[in-house]
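> Attaching a single structure in structure tokens format; questions to follow.
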Amino acid sequence: MTGFLTRLRERRAAAVRRLPRWWNRALAGALIVFGIVLPFFFPADSGFMNGTIIAVAYAVMSLGLNIVVGFAGLLDLGYVAFYALGAYSLGWFGSGFFFKLHIHVLVSPLESTLAGIHLNFVLILIAAALICAAAGVVIGLPTLRLRGDYIAIVTLAFGEIIGTLAVNGQSIPVGGGMTLTAGNLGISAVDAPYFPGSGTFGLLDLRPWYWLIFAILLVVLFVNLRLRDSRLGRAWVALREDEVAAVSMGIPLVKTKLLAYAIGAAFGGMSGRSSERTTPRSTPGSSSSGSRSSSSPW
């Protein structure tokens, strides 16, 4: 078996050497163009488009998990909790859930007349990333001296805590008769993305939703590639391969691990926020962390 794999690698390397140097960039460009024009081959409200939006949203989340597990080698079994926090960020900052407040920033004329907190899509995306990054640091601090299965246990507990918090959040007051979550009832009537001059995001035309999440996927993928080739990315790989040797060579253990948790969590929160689509509602339900958003692919 080992000999077969070795021959396979040699043949692959030989095939790559025959290709021009720009073939990988050309392939990437062709895939991006294909992803852009893909919605035109299917009806705007087809089930395929709906499933594709789900798949792309999961791809964004997996890129964030790749930073924590793939680059830094930190086993995180509660990563889906960041997805849940991102989805709830949409409910908190893009609906009338906090009905006693009247905050409107760069939203549509209709939403500017409604009670609650209504922020622009980009602002909610940034807020979700910041909230999840802070949560990533919180989960990272207790695991700095842990390795292997012990990290898995702590991160799994974090995921379960977030799920329980989402279900029982209606018992946590935040003032003025408002609560942290609505429990099993969920947060309904969340705002659709709004960009001045770009039209509206309707429930019968899924193409704008697809292009939006596809654009976020490209941005997250670009950041992943740049991080991989950066000094920080090389530090993550060094810690993954041999933590003791990496620390002895001067790599700051605490800072490097916390940055991995924070950046990976931020991408997970962006996925949870941006995956909101045809059913505008955020609810807790069945998932590995106990938290679900029906306005997202859960």
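The way I read the labels, and the way they are meant: chains A, B, ... in the order of the structure tokens, residue 1 as the first residue of every chain, and ligand 1 as the first ligand shown, with later ones counted on from there.
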Let's see if you can do this: from backbone DSSP, list all helix (DSSP H, G or I) residues in range 48-272 of chain A, as a ChimeraX atom specification.
/A:48-71,80-93,111-113,121-143,149-171,183-185,207-228,231-241,243-248,253-272
> Could you name the residues that touch Leu74 in chain A at 12 Å or less, counting only C-alpha atoms, but leaving out those on the same chain fewer than 6 positions away, as a ChimeraX atom specification?
/A:65-68,139-140,143-155,236-237,239-241,243,256-261,264
> Taking only C-alpha atoms into account, name the residue in A:Val69, A:Leu63, A:Val174, A:Ala189 that is nearest to Gly91 in chain A.
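When distances to Gly91 in chain A are compared using only C-alpha atoms, the smallest one comes from A:Ala189.
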